[in-house]
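Just below is one structure, and these are the notes that go with it.
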Amino acid sequence: MSKSYLDAGETHCAIGHPKSVFWQWMLTIDHKRIGLMYAAVIFTFFFVAVFVALTMRIELFAPGAQILDGDTFNQAFTLHGVIMIFLFIIPGVPAVFGNIVMPLMIGAKDVSFPRLNWFTFWLYIFGALIALSSLWTGHGFADTGWTFYAPYSLNTNTNVVTTLVAAFILGMASILTGLNFLVTIHRLRAPGMDFFKMPLFVWGIYATAWIQLLATPVVGITLVLALLEKVFGIGIFDPSKGGDPVLFEHLFWIYSHPAVYLMILPAFGIMSEIIPTFSRREVFGYRTIALSSASIAGIGYLVWGHHLFTSGMSDLAKTIFSFLTFFVAIPTGIKFYDWVATMYKGQIHMTTPMLWALGTMVTFVIGGLTGVTIAMIGADIHLQDTYYTVAHFHYAMLGGVVFLLFAGLHYWFPLMFGRMYNEKHAKRAFWFNFIGFNMLWFPMFIAGYLGMPRRYFDYLPEFQIYHQISFFGALVFITGLIYMFTVLISAIKKGEKVGPNHWNATTLEWHLPSAPPPLENHSKVPYVDFRPYEYHHGDPVVKFNYETMQRID
Amino acid sequence: MSHEEHGHEYVPEIATARDGKQYEVQGWQGDFYGGKLGFWLFMLTEVMMFGAMFLTLTYYFSLHHDDFIEASSEFSVLLGGTNTVVLLISALTMGLGLLKMRAGDVKGAKLMIYATMILALVFLAIKGVEWTEDYHDGVFLGLPALQAGNPDSRPLGEILFFGMYFTMTGLHGFHIILGIGLMLWLLKRINAGKVTPEHHILHFNIALYWDLVHLIWVFVFPYFYMIGAGHGH
């Protein structure tokens, strides 16, 4: 039995050659191990934020104050937002699968700067600790919402400073991840693999990396300016001192709107891997999917103003931003039609990852199209800051990004661990999640349309029914989440052993010498003169001699 | 960002196509162009960061036009101008050092790095003199003159102007200090034989960094010192 990257001693370390297994993990520069550590940390934070959300749902079960007072509720939704955005979903897919799978897909031994990758991981941990430290110090966690809007964030005496510092550090970690991936994708592709022979997940990571690199510094410096304003009171963003709070909103959303594309693009990449693999067909419209990722990243830069329709902007600017926002839906639509066309006349294998991908098609379409409705200026005046918006971005983010992250977990699980989870249970867990999710968020569209504002801990009695349906949906959803992770975690040690290409997929990460992969990935790097998803009558076209990694078909 | 494996030489792998043709595989080890590309991308993030601050500055300039001009006229163009010249010369010495390294003249390269460091220190010293004077004049972050709502307060636009001035020159000065640290590290690596005319990616990247640092100053200088120059006082 050959050794895998998970075995003791099978790693390169940033400093020295430690004997202890613990330090081998802490100091590892192996992209697969770093990806796994990210996964462990971000899912831990995910569950923390889920339970904070559950607490809010319990509070909202009936009108009036039950278990939280108004101020604590404000801190609770800020904590939920900060963890979910900065600690979970922004690192999310790139940190986990960008690290584990992307180098394997392009035939690289590691990322371009493995030591920087190690440093980035610990920078992320450092930022996370600073963010959480403010829970127990000073006047408690920030109560501004994760957007830190001025001037309230400048005046509140909760720990906004700590959270801003943390967000800045986490931003740096995100920038360095993007930088590392950009260089990796440019430099370390296997010979013969040009950009249009890359798997589509790599395209997603590539487009995302540009957003990480170019947008994050803007929010970083905005947070620094807000910090300086808070400490020295020089008036930036504070209208009573000659500053302009709307400028803060602009600078904030210049990053934070592209950030949602930063989250979704690699997730779409996962979808683009799963659909052709389990339809056993070459992906329809490869180039359009690849280029739509690039154009979403590009157009996504120019739409931030739609967050400011009610903040005071000229009508001309509103109209332009509204138009551009409609425009960004086009490349997204192209992707969806391509995926559906890929499945048409394919041999569809209803595996767990495919089930998650198909479920996401439903939830993300709802999330995406409701986004188009609030891109209309008139409708947005009515729906801004209501539960409609809350439901929209949870459908897009949770029902899009996180569902696809789960799909990816189920897809690459046999690759990462060389073992397979119990598909019967995994599918059952999917249905819990899918039904619970829709029950939790769909009523919010209605409540929001009828006027339920977001971020309120109290409400009028007529909204009670929607909150209660949501609450029961949340219970079903959380049951599904726990079920799913139990199935996966128990399979890490006890799952049935499987070979390197469990799904009969075509991309390079499935052509490794063993499962789990050895320390330095492919035994030999193949010469890539083929497209990533070549199937003929439902069978992969490209076959390798695994000794020499030469094509033998 | 140099990556030398522990003691043994890195041998690139070969990929073989169906027709038997062999292709060299690019590894992450010793990838000069990768190191360059990575650092160029990092420079891009710096441009975006300072860009956002210039945007803020420009916007507030349009809101508080007269206050900005008035506040700017208080600066000494002589000191700021001297610093600009010092920094430009340091960029020259840095570039010459890199050329010498490429040409194989390690000793000359080291001399040039020392010269750059000395010029950087001169820059910081002059900056220090300016900040100290400002402090004695009561114009500094946190002092009453730069807080709204008390008898010593400057007009709001001037507070914003000086606030941005200390923020941006402070951040720029931080980059200068970081640059000196990087140059010290570079000298150590050169002395240890890790940076050589054949493997000088670290030198290249630090020179690139220094170029950006002086380039940012070239924009900072006119924006703070020159918009009010010749306006009285």
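Residues in the structure tokens are numbered from 1 in each chain, the chains being A, B, ... in the order shown, and ligands are numbered from 1 in the order shown.
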Subject >> Residue neighbourhood Ala207 of chain A, 8 Å, only C-alpha atoms, exclusion window fewer than 4 positions, as a PyMOL selection string >> reply: chain A and resi 203+211+262+265+293-294+297
Subject >> Residue hits in chain B, query chain A, radius 9 Å, only C-alpha atoms, as an MDAnalysis selection string >> reply: chainID B and resid 1 3 13:18 20 22:29 31 33:35 37:39 41:42 44:53 56 59:60 63:64 141:143 146:149 156:157 159:164 167
Output C-alpha atoms for every residue in the selection just made, as a PDB file, in the first residue's frame.
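result.pdb was written with the following content:
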ATOM      1  CA  MET B   1      10.025  34.735  -2.420  1.00  0.00           C
ATOM      2  CA  HIS B   3      12.216  28.526  -2.637  1.00  0.00           C
ATOM      3  CA  GLU B  13       9.927  16.677 -14.463  1.00  0.00           C
ATOM      4  CA  ILE B  14       9.159  15.628 -18.023  1.00  0.00           C
ATOM      5  CA  ALA B  15       5.703  15.023 -19.502  1.00  0.00           C
ATOM      6  CA  THR B  16       5.477  12.758 -22.509  1.00  0.00           C
ATOM      7  CA  ALA B  17       2.838  13.261 -25.198  1.00  0.00           C
ATOM      8  CA  ARG B  18       1.272  10.450 -27.224  1.00  0.00           C
ATOM      9  CA  GLY B  20       6.600  10.565 -27.649  1.00  0.00           C
ATOM     10  CA  GLN B  22       8.835  15.388 -24.278  1.00  0.00           C
ATOM     11  CA  TYR B  23       7.890  18.585 -22.470  1.00  0.00           C
ATOM     12  CA  GLU B  24       9.482  20.098 -19.399  1.00  0.00           C
ATOM     13  CA  VAL B  25       7.066  20.555 -16.511  1.00  0.00           C
ATOM     14  CA  GLN B  26       7.164  23.866 -14.694  1.00  0.00           C
ATOM     15  CA  GLY B  27       7.528  23.235 -10.969  1.00  0.00           C
ATOM     16  CA  TRP B  28       6.898  25.779  -8.225  1.00  0.00           C
ATOM     17  CA  GLN B  29      10.537  25.552  -7.184  1.00  0.00           C
ATOM     18  CA  ASP B  31      10.093  29.718 -10.775  1.00  0.00           C
ATOM     19  CA  TYR B  33       8.572  34.327 -13.615  1.00  0.00           C
ATOM     20  CA  GLY B  34       6.115  32.998 -11.069  1.00  0.00           C
ATOM     21  CA  GLY B  35       7.863  34.978  -8.348  1.00  0.00           C
ATOM     22  CA  LEU B  37       4.143  37.652 -11.430  1.00  0.00           C
ATOM     23  CA  GLY B  38       3.185  37.111  -7.812  1.00  0.00           C
ATOM     24  CA  PHE B  39       4.876  40.294  -6.746  1.00  0.00           C
ATOM     25  CA  LEU B  41      -0.023  41.160  -8.454  1.00  0.00           C
ATOM     26  CA  PHE B  42       0.802  42.165  -4.912  1.00  0.00           C
ATOM     27  CA  LEU B  44      -1.635  45.816  -7.826  1.00  0.00           C
ATOM     28  CA  THR B  45      -3.292  45.396  -4.429  1.00  0.00           C
ATOM     29  CA  GLU B  46      -1.210  48.308  -3.121  1.00  0.00           C
ATOM     30  CA  VAL B  47      -2.358  50.432  -6.032  1.00  0.00           C
ATOM     31  CA  MET B  48      -5.987  49.587  -5.269  1.00  0.00           C
ATOM     32  CA  MET B  49      -5.465  50.387  -1.599  1.00  0.00           C
ATOM     33  CA  PHE B  50      -3.868  53.781  -2.141  1.00  0.00           C
ATOM     34  CA  GLY B  51      -6.255  54.336  -5.034  1.00  0.00           C
ATOM     35  CA  ALA B  52      -9.225  54.136  -2.680  1.00  0.00           C
ATOM     36  CA  MET B  53      -7.575  56.722  -0.443  1.00  0.00           C
ATOM     37  CA  THR B  56     -11.630  59.657  -0.831  1.00  0.00           C
ATOM     38  CA  TYR B  59     -14.050  63.589  -3.194  1.00  0.00           C
ATOM     39  CA  TYR B  60     -13.435  65.576  -0.024  1.00  0.00           C
ATOM     40  CA  LEU B  63     -16.596  69.087  -0.907  1.00  0.00           C
ATOM     41  CA  HIS B  64     -14.193  71.318   1.049  1.00  0.00           C
ATOM     42  CA  LEU B 141      -3.980  63.267  15.026  1.00  0.00           C
ATOM     43  CA  GLY B 142      -5.821  63.310  18.341  1.00  0.00           C
ATOM     44  CA  LEU B 143      -4.879  66.919  19.278  1.00  0.00           C
ATOM     45  CA  LEU B 146      -8.028  68.206  14.741  1.00  0.00           C
ATOM     46  CA  GLN B 147     -11.159  67.387  16.741  1.00  0.00           C
ATOM     47  CA  ALA B 148     -14.484  68.939  15.846  1.00  0.00           C
ATOM     48  CA  GLY B 149     -16.466  70.898  18.401  1.00  0.00           C
ATOM     49  CA  LEU B 156     -14.030  70.748   9.237  1.00  0.00           C
ATOM     50  CA  GLY B 157     -12.403  70.601   5.813  1.00  0.00           C
ATOM     51  CA  ILE B 159      -9.461  68.564   9.883  1.00  0.00           C
ATOM     52  CA  LEU B 160     -10.281  66.147   7.083  1.00  0.00           C
ATOM     53  CA  PHE B 161      -7.293  67.326   5.065  1.00  0.00           C
ATOM     54  CA  PHE B 162      -4.812  66.890   7.903  1.00  0.00           C
ATOM     55  CA  GLY B 163      -6.444  63.634   8.935  1.00  0.00           C
ATOM     56  CA  MET B 164      -5.949  62.228   5.431  1.00  0.00           C
ATOM     57  CA  THR B 167      -3.119  58.704   7.406  1.00  0.00           C
TER      58      THR B 167
END
**OP:** Write out as a PyMOL selection string which residues come within 8 Å of Asn422 of chain A when counting only C-alpha atoms, dropping same-chain ones fewer than 5 positions away.
**Re:** chain A and resi 487+491+495
Can those selected residues be exported to a file as an mmCIF file, in the first residue's frame so that it contains N, CA and C atoms?
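Heads up, here's the output in result.cif:
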data_model
loop_
_atom_site.group_PDB
_atom_site.id
_atom_site.type_symbol
_atom_site.label_atom_id
_atom_site.label_comp_id
_atom_site.auth_asym_id
_atom_site.auth_seq_id
_atom_site.Cartn_x
_atom_site.Cartn_y
_atom_site.Cartn_z
ATOM 1 N N VAL A 487 -22.831 11.620 8.662
ATOM 2 C CA VAL A 487 -22.587 10.627 7.613
ATOM 3 C C VAL A 487 -21.171 10.790 7.060
ATOM 4 N N ALA A 491 -17.624 8.452 7.819
ATOM 5 C CA ALA A 491 -17.040 7.734 6.681
ATOM 6 C C ALA A 491 -15.542 7.974 6.541
ATOM 7 N N GLY A 495 -15.650 4.440 6.295
ATOM 8 C CA GLY A 495 -16.262 4.260 4.982
ATOM 9 C C GLY A 495 -15.602 3.142 4.178
#
Subject >> DSSP-assigned strand (DSSP E or B) among segment 10-142 of chain B, expressed as a ChimeraX atom specification >> reply: /B:14-16,22-24
Let me see the file: selected residues, N, CA and C atoms, as an mmCIF file, in the first residue's frame.
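Written file, again24.cif:
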data_model
loop_
_atom_site.group_PDB
_atom_site.id
_atom_site.type_symbol
_atom_site.label_atom_id
_atom_site.label_comp_id
_atom_site.auth_asym_id
_atom_site.auth_seq_id
_atom_site.Cartn_x
_atom_site.Cartn_y
_atom_site.Cartn_z
ATOM 1 N N ILE B 14 9.427 15.658 -16.583
ATOM 2 C CA ILE B 14 9.159 15.628 -18.023
ATOM 3 C C ILE B 14 7.790 14.999 -18.251
ATOM 4 N N ALA B 15 6.968 15.637 -19.091
ATOM 5 C CA ALA B 15 5.703 15.023 -19.502
ATOM 6 C C ALA B 15 5.861 14.515 -20.928
ATOM 7 N N THR B 16 5.315 13.357 -21.188
ATOM 8 C CA THR B 16 5.477 12.758 -22.509
ATOM 9 C C THR B 16 4.133 12.697 -23.232
ATOM 10 N N GLN B 22 8.684 15.128 -25.709
ATOM 11 C CA GLN B 22 8.835 15.388 -24.278
ATOM 12 C C GLN B 22 8.743 16.875 -23.972
ATOM 13 N N TYR B 23 8.071 17.192 -22.878
ATOM 14 C CA TYR B 23 7.890 18.585 -22.470
ATOM 15 C C TYR B 23 8.322 18.749 -21.026
ATOM 16 N N GLU B 24 9.066 19.839 -20.771
ATOM 17 C CA GLU B 24 9.482 20.098 -19.399
ATOM 18 C C GLU B 24 8.298 20.637 -18.592
#
**OP:** List the neighbours of segment 190-192 of chain B out to 10 Å using only C-alpha atoms; skip same-chain residues closer than 4 positions along the sequence, and give me the result as a list in words.
**Re:**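 Here the answer would be Val106, Lys107, Ala109, Lys110, Leu184, Trp185, Leu186, Thr196, Pro197, His200, Leu202 and His203 of chain B.
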So that I have them on file, write out the residues from the current selection with C-alpha atoms, as a CSV table (one decimal), in the first residue's frame.
chain,number,residue,atom,x,y,z
B,106,VAL,CA,27.5,41.5,-6.1
B,107,LYS,CA,29.7,43.9,-4.2
B,109,ALA,CA,24.9,45.7,-5.7
B,110,LYS,CA,25.3,45.7,-2.0
B,184,LEU,CA,18.3,44.4,5.5
B,185,TRP,CA,16.9,40.9,4.9
B,186,LEU,CA,18.1,41.1,1.3
B,196,THR,CA,23.1,35.5,-6.4
B,197,PRO,CA,23.2,36.9,-9.9
B,200,HIS,CA,18.0,37.2,-7.7
B,202,LEU,CA,14.2,38.5,-4.1
B,203,HIS,CA,16.3,41.5,-5.2
Original post:
Any idea what's packed within 8 Å of Tyr261 of chain A, counting only C-alpha atoms, ignoring anything in its chain fewer than 3 positions away? Could you give it as a list in words?
Top reply: Thr208, His257, Pro258, Ile264, Leu265, Ile296, Ala297 and Gly300 of chain A
Using N, CA and C atoms, can you write the selected residues to a file as an mmCIF file, in the first residue's frame?
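Here's the written file again_6.cif:
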data_model
loop_
_atom_site.group_PDB
_atom_site.id
_atom_site.type_symbol
_atom_site.label_atom_id
_atom_site.label_comp_id
_atom_site.auth_asym_id
_atom_site.auth_seq_id
_atom_site.Cartn_x
_atom_site.Cartn_y
_atom_site.Cartn_z
ATOM 1 N N THR A 208 -12.427 34.216 -9.536
ATOM 2 C CA THR A 208 -12.545 34.621 -8.135
ATOM 3 C C THR A 208 -11.271 35.268 -7.625
ATOM 4 N N HIS A 257 -19.917 43.968 -2.963
ATOM 5 C CA HIS A 257 -20.754 43.312 -3.964
ATOM 6 C C HIS A 257 -19.970 42.340 -4.844
ATOM 7 N N PRO A 258 -18.808 42.754 -5.402
ATOM 8 C CA PRO A 258 -18.010 41.732 -6.087
ATOM 9 C C PRO A 258 -17.755 40.509 -5.196
ATOM 10 N N ILE A 264 -19.711 32.985 -5.300
ATOM 11 C CA ILE A 264 -20.514 32.099 -6.144
ATOM 12 C C ILE A 264 -19.703 31.508 -7.307
ATOM 13 N N LEU A 265 -18.693 32.224 -7.818
ATOM 14 C CA LEU A 265 -18.020 31.736 -9.029
ATOM 15 C C LEU A 265 -17.342 30.376 -8.841
ATOM 16 N N ILE A 296 -18.744 37.678 -15.412
ATOM 17 C CA ILE A 296 -19.415 37.964 -14.135
ATOM 18 C C ILE A 296 -18.444 38.709 -13.227
ATOM 19 N N ALA A 297 -17.193 38.243 -13.203
ATOM 20 C CA ALA A 297 -16.199 38.917 -12.367
ATOM 21 C C ALA A 297 -16.036 40.364 -12.808
ATOM 22 N N GLY A 300 -19.487 42.339 -12.415
ATOM 23 C CA GLY A 300 -19.791 42.382 -10.984
ATOM 24 C C GLY A 300 -19.157 43.562 -10.271
#
**OP:** Would you mind listing what lies within 10 Å of Ile435 of chain A as a list in words, with only C-alpha atoms counted and same-chain residues fewer than 4 positions away left out?
**Re:**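 Contacts, in chain order: Phe430, Trp431, Met439, Leu440, Gly473, Ala474, Val476, Phe477 and Gly480 of chain A.
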Can you pull out the residues contacting Leu79 of chain A? Cut-off 8 Å, using only C-alpha atoms, and skip same-chain residues under 4 positions away; I want them as a PDB file with N, CA and C atoms, in the first residue's frame.
ATOM      1  N   ALA A  49     -22.199  29.877  13.766  1.00  0.00           N
ATOM      2  CA  ALA A  49     -23.100  30.894  13.217  1.00  0.00           C
ATOM      3  C   ALA A  49     -24.500  30.338  13.017  1.00  0.00           C
ATOM      4  N   VAL A  52     -26.143  30.557  16.346  1.00  0.00           N
ATOM      5  CA  VAL A  52     -26.514  31.941  16.641  1.00  0.00           C
ATOM      6  C   VAL A  52     -27.815  32.277  15.901  1.00  0.00           C
ATOM      7  N   GLN A  75     -26.384  42.384  18.386  1.00  0.00           N
ATOM      8  CA  GLN A  75     -25.061  41.746  18.386  1.00  0.00           C
ATOM      9  C   GLN A  75     -25.140  40.362  17.758  1.00  0.00           C
ATOM     10  N   ILE A  83     -19.371  36.093  11.068  1.00  0.00           N
ATOM     11  CA  ILE A  83     -18.816  34.735  10.952  1.00  0.00           C
ATOM     12  C   ILE A  83     -19.131  34.157   9.579  1.00  0.00           C
ATOM     13  N   PHE A 141     -19.545  42.248  21.473  1.00  0.00           N
ATOM     14  CA  PHE A 141     -19.404  42.194  20.031  1.00  0.00           C
ATOM     15  C   PHE A 141     -20.124  43.376  19.372  1.00  0.00           C
ATOM     16  N   ALA A 142     -19.612  43.775  18.208  1.00  0.00           N
ATOM     17  CA  ALA A 142     -20.214  44.889  17.471  1.00  0.00           C
ATOM     18  C   ALA A 142     -21.705  44.656  17.252  1.00  0.00           C
ATOM     19  N   GLY A 145     -24.326  45.246  12.480  1.00  0.00           N
ATOM     20  CA  GLY A 145     -24.502  44.461  11.267  1.00  0.00           C
ATOM     21  C   GLY A 145     -23.138  44.303  10.627  1.00  0.00           C
ATOM     22  N   TRP A 146     -22.992  43.288   9.750  1.00  0.00           N
ATOM     23  CA  TRP A 146     -21.651  43.011   9.228  1.00  0.00           C
ATOM     24  C   TRP A 146     -21.183  44.099   8.273  1.00  0.00           C
TER      25      TRP A 146
END
**OP:** Select from segment 210-362 of chain A everything DSSP, run on the backbone, classes as alpha helix (DSSP H), then give the selection as a ChimeraX atom specification.
**Re:** /A:210-232,245-279,286-299,315-343,352-362
Those residues you just picked out, can you put them in a file as a short mmCIF file (atom, residue, chain, number, x, y, z; two decimals), in the first residue's frame with C-alpha atoms?
data_model
loop_
_atom_site.label_atom_id
_atom_site.label_comp_id
_atom_site.auth_asym_id
_atom_site.auth_seq_id
_atom_site.Cartn_x
_atom_site.Cartn_y
_atom_site.Cartn_z
CA TRP A 210 -8.95 38.37 -9.54
CA ILE A 211 -11.83 39.66 -7.43
CA GLN A 212 -10.00 38.73 -4.24
CA LEU A 213 -6.94 40.53 -5.47
CA LEU A 214 -8.48 43.73 -6.81
CA ALA A 215 -11.54 44.33 -4.66
CA THR A 216 -10.37 43.33 -1.19
CA PRO A 217 -7.77 46.12 -0.80
CA VAL A 218 -10.51 48.71 -1.28
CA VAL A 219 -12.61 47.45 1.60
CA GLY A 220 -9.43 46.92 3.61
CA ILE A 221 -8.46 50.56 3.40
CA THR A 222 -12.07 51.64 3.97
CA LEU A 223 -12.08 49.74 7.22
CA VAL A 224 -8.75 51.33 8.14
CA LEU A 225 -10.20 54.80 7.48
CA ALA A 226 -13.23 53.93 9.62
CA LEU A 227 -10.84 52.75 12.32
CA LEU A 228 -8.85 55.98 12.24
CA GLU A 229 -12.07 57.93 12.35
CA LYS A 230 -13.13 55.95 15.40
CA VAL A 231 -9.81 56.44 17.19
CA PHE A 232 -8.87 60.00 16.18
CA PRO A 245 -21.40 58.39 5.20
CA VAL A 246 -22.56 57.53 1.68
CA LEU A 247 -18.91 57.47 0.62
CA PHE A 248 -18.40 54.69 3.15
CA GLU A 249 -21.26 52.77 1.61
CA HIS A 250 -19.77 53.20 -1.86
CA LEU A 251 -16.31 52.09 -0.82
CA PHE A 252 -17.72 49.23 1.21
CA TRP A 253 -19.86 47.85 -1.59
CA ILE A 254 -17.18 48.33 -4.24
CA TYR A 255 -15.68 45.33 -2.53
CA SER A 256 -18.62 43.67 -0.91
CA HIS A 257 -20.75 43.31 -3.96
CA PRO A 258 -18.01 41.73 -6.09
CA ALA A 259 -17.47 39.61 -2.97
CA VAL A 260 -20.74 37.79 -3.59
CA TYR A 261 -19.45 36.84 -7.03
CA LEU A 262 -16.23 35.86 -5.35
CA MET A 263 -18.33 33.41 -3.35
CA ILE A 264 -20.51 32.10 -6.14
CA LEU A 265 -18.02 31.74 -9.03
CA PRO A 266 -15.99 28.84 -7.60
CA ALA A 267 -19.28 27.29 -6.47
CA PHE A 268 -20.54 27.47 -10.07
CA GLY A 269 -17.26 25.81 -10.94
CA ILE A 270 -18.18 22.86 -8.74
CA MET A 271 -21.51 22.65 -10.55
CA SER A 272 -19.70 22.64 -13.88
CA GLU A 273 -17.64 19.65 -12.71
CA ILE A 274 -20.52 17.62 -11.32
CA ILE A 275 -23.04 18.06 -14.14
CA PRO A 276 -20.91 16.63 -17.01
CA THR A 277 -19.48 13.88 -14.81
CA PHE A 278 -22.87 12.50 -13.83
CA SER A 279 -24.52 13.18 -17.18
CA TYR A 286 -17.46 25.03 -22.47
CA ARG A 287 -16.20 28.38 -23.70
CA THR A 288 -19.36 30.23 -22.78
CA ILE A 289 -19.24 28.86 -19.23
CA ALA A 290 -15.57 29.78 -18.89
CA LEU A 291 -15.99 33.26 -20.32
CA SER A 292 -19.19 33.91 -18.39
CA SER A 293 -17.17 33.39 -15.20
CA ALA A 294 -14.76 36.03 -16.40
CA SER A 295 -17.53 38.42 -17.41
CA ILE A 296 -19.42 37.96 -14.14
CA ALA A 297 -16.20 38.92 -12.37
CA GLY A 298 -15.86 41.95 -14.63
CA ILE A 299 -19.45 43.23 -14.67
CA ASP A 315 -31.43 59.15 -10.32
CA LEU A 316 -29.06 58.82 -13.24
CA ALA A 317 -26.61 56.77 -11.16
CA LYS A 318 -29.47 54.62 -9.89
CA THR A 319 -30.65 53.92 -13.42
CA ILE A 320 -27.16 52.97 -14.58
CA PHE A 321 -26.56 50.67 -11.64
CA SER A 322 -29.96 49.09 -12.08
CA PHE A 323 -29.26 48.42 -15.76
CA LEU A 324 -25.83 46.96 -15.05
CA THR A 325 -27.31 44.71 -12.39
CA PHE A 326 -29.77 43.25 -14.88
CA PHE A 327 -26.84 42.80 -17.17
CA VAL A 328 -24.91 40.58 -14.76
CA ALA A 329 -27.80 38.12 -14.80
CA ILE A 330 -27.05 37.30 -18.44
CA PRO A 331 -23.80 35.36 -17.99
CA THR A 332 -25.38 33.59 -15.03
CA GLY A 333 -28.32 32.61 -17.20
CA ILE A 334 -25.92 31.34 -19.87
CA LYS A 335 -24.34 29.02 -17.33
CA PHE A 336 -27.70 27.61 -16.28
CA TYR A 337 -28.80 26.92 -19.84
CA ASP A 338 -25.45 25.29 -20.53
CA TRP A 339 -25.83 22.97 -17.55
CA VAL A 340 -29.35 22.01 -18.53
CA ALA A 341 -28.24 21.43 -22.11
CA THR A 342 -25.40 19.24 -20.84
CA MET A 343 -27.88 16.98 -19.09
CA THR A 352 -25.47 12.37 -3.93
CA PRO A 353 -23.31 15.14 -5.48
CA MET A 354 -25.64 15.23 -8.50
CA LEU A 355 -28.64 15.47 -6.20
CA TRP A 356 -27.08 18.45 -4.43
CA ALA A 357 -26.26 20.06 -7.77
CA LEU A 358 -29.81 19.63 -9.03
CA GLY A 359 -31.23 20.91 -5.75
CA THR A 360 -29.08 23.99 -6.12
CA MET A 361 -30.49 24.58 -9.59
CA VAL A 362 -33.87 25.05 -7.94
#
**OP:** Determine the nearest neighbour of Gly128 of chain B from the options B:Met168, B:Val86, B:Leu79, B:Ile113, counting only C-alpha atoms.
**Re:**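 Closest to Gly128 of chain B, using only C-alpha atoms: B:Leu79.
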Subject >> Pick from B:Met94, B:Ala103, B:Leu78, B:Leu88, whichever lies nearest to Lys127 of chain B using only C-alpha atoms >> reply: B:Leu78
Original post:
Counting only C-alpha atoms, which of B:Ala207, B:Val129, B:Ala115, B:Val139 gets nearest to Leu99 of chain B?
Top reply: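 Ranking B:Ala207, B:Val129, B:Ala115, B:Val139 by distance to Leu99 of chain B, first place goes to B:Ala207.
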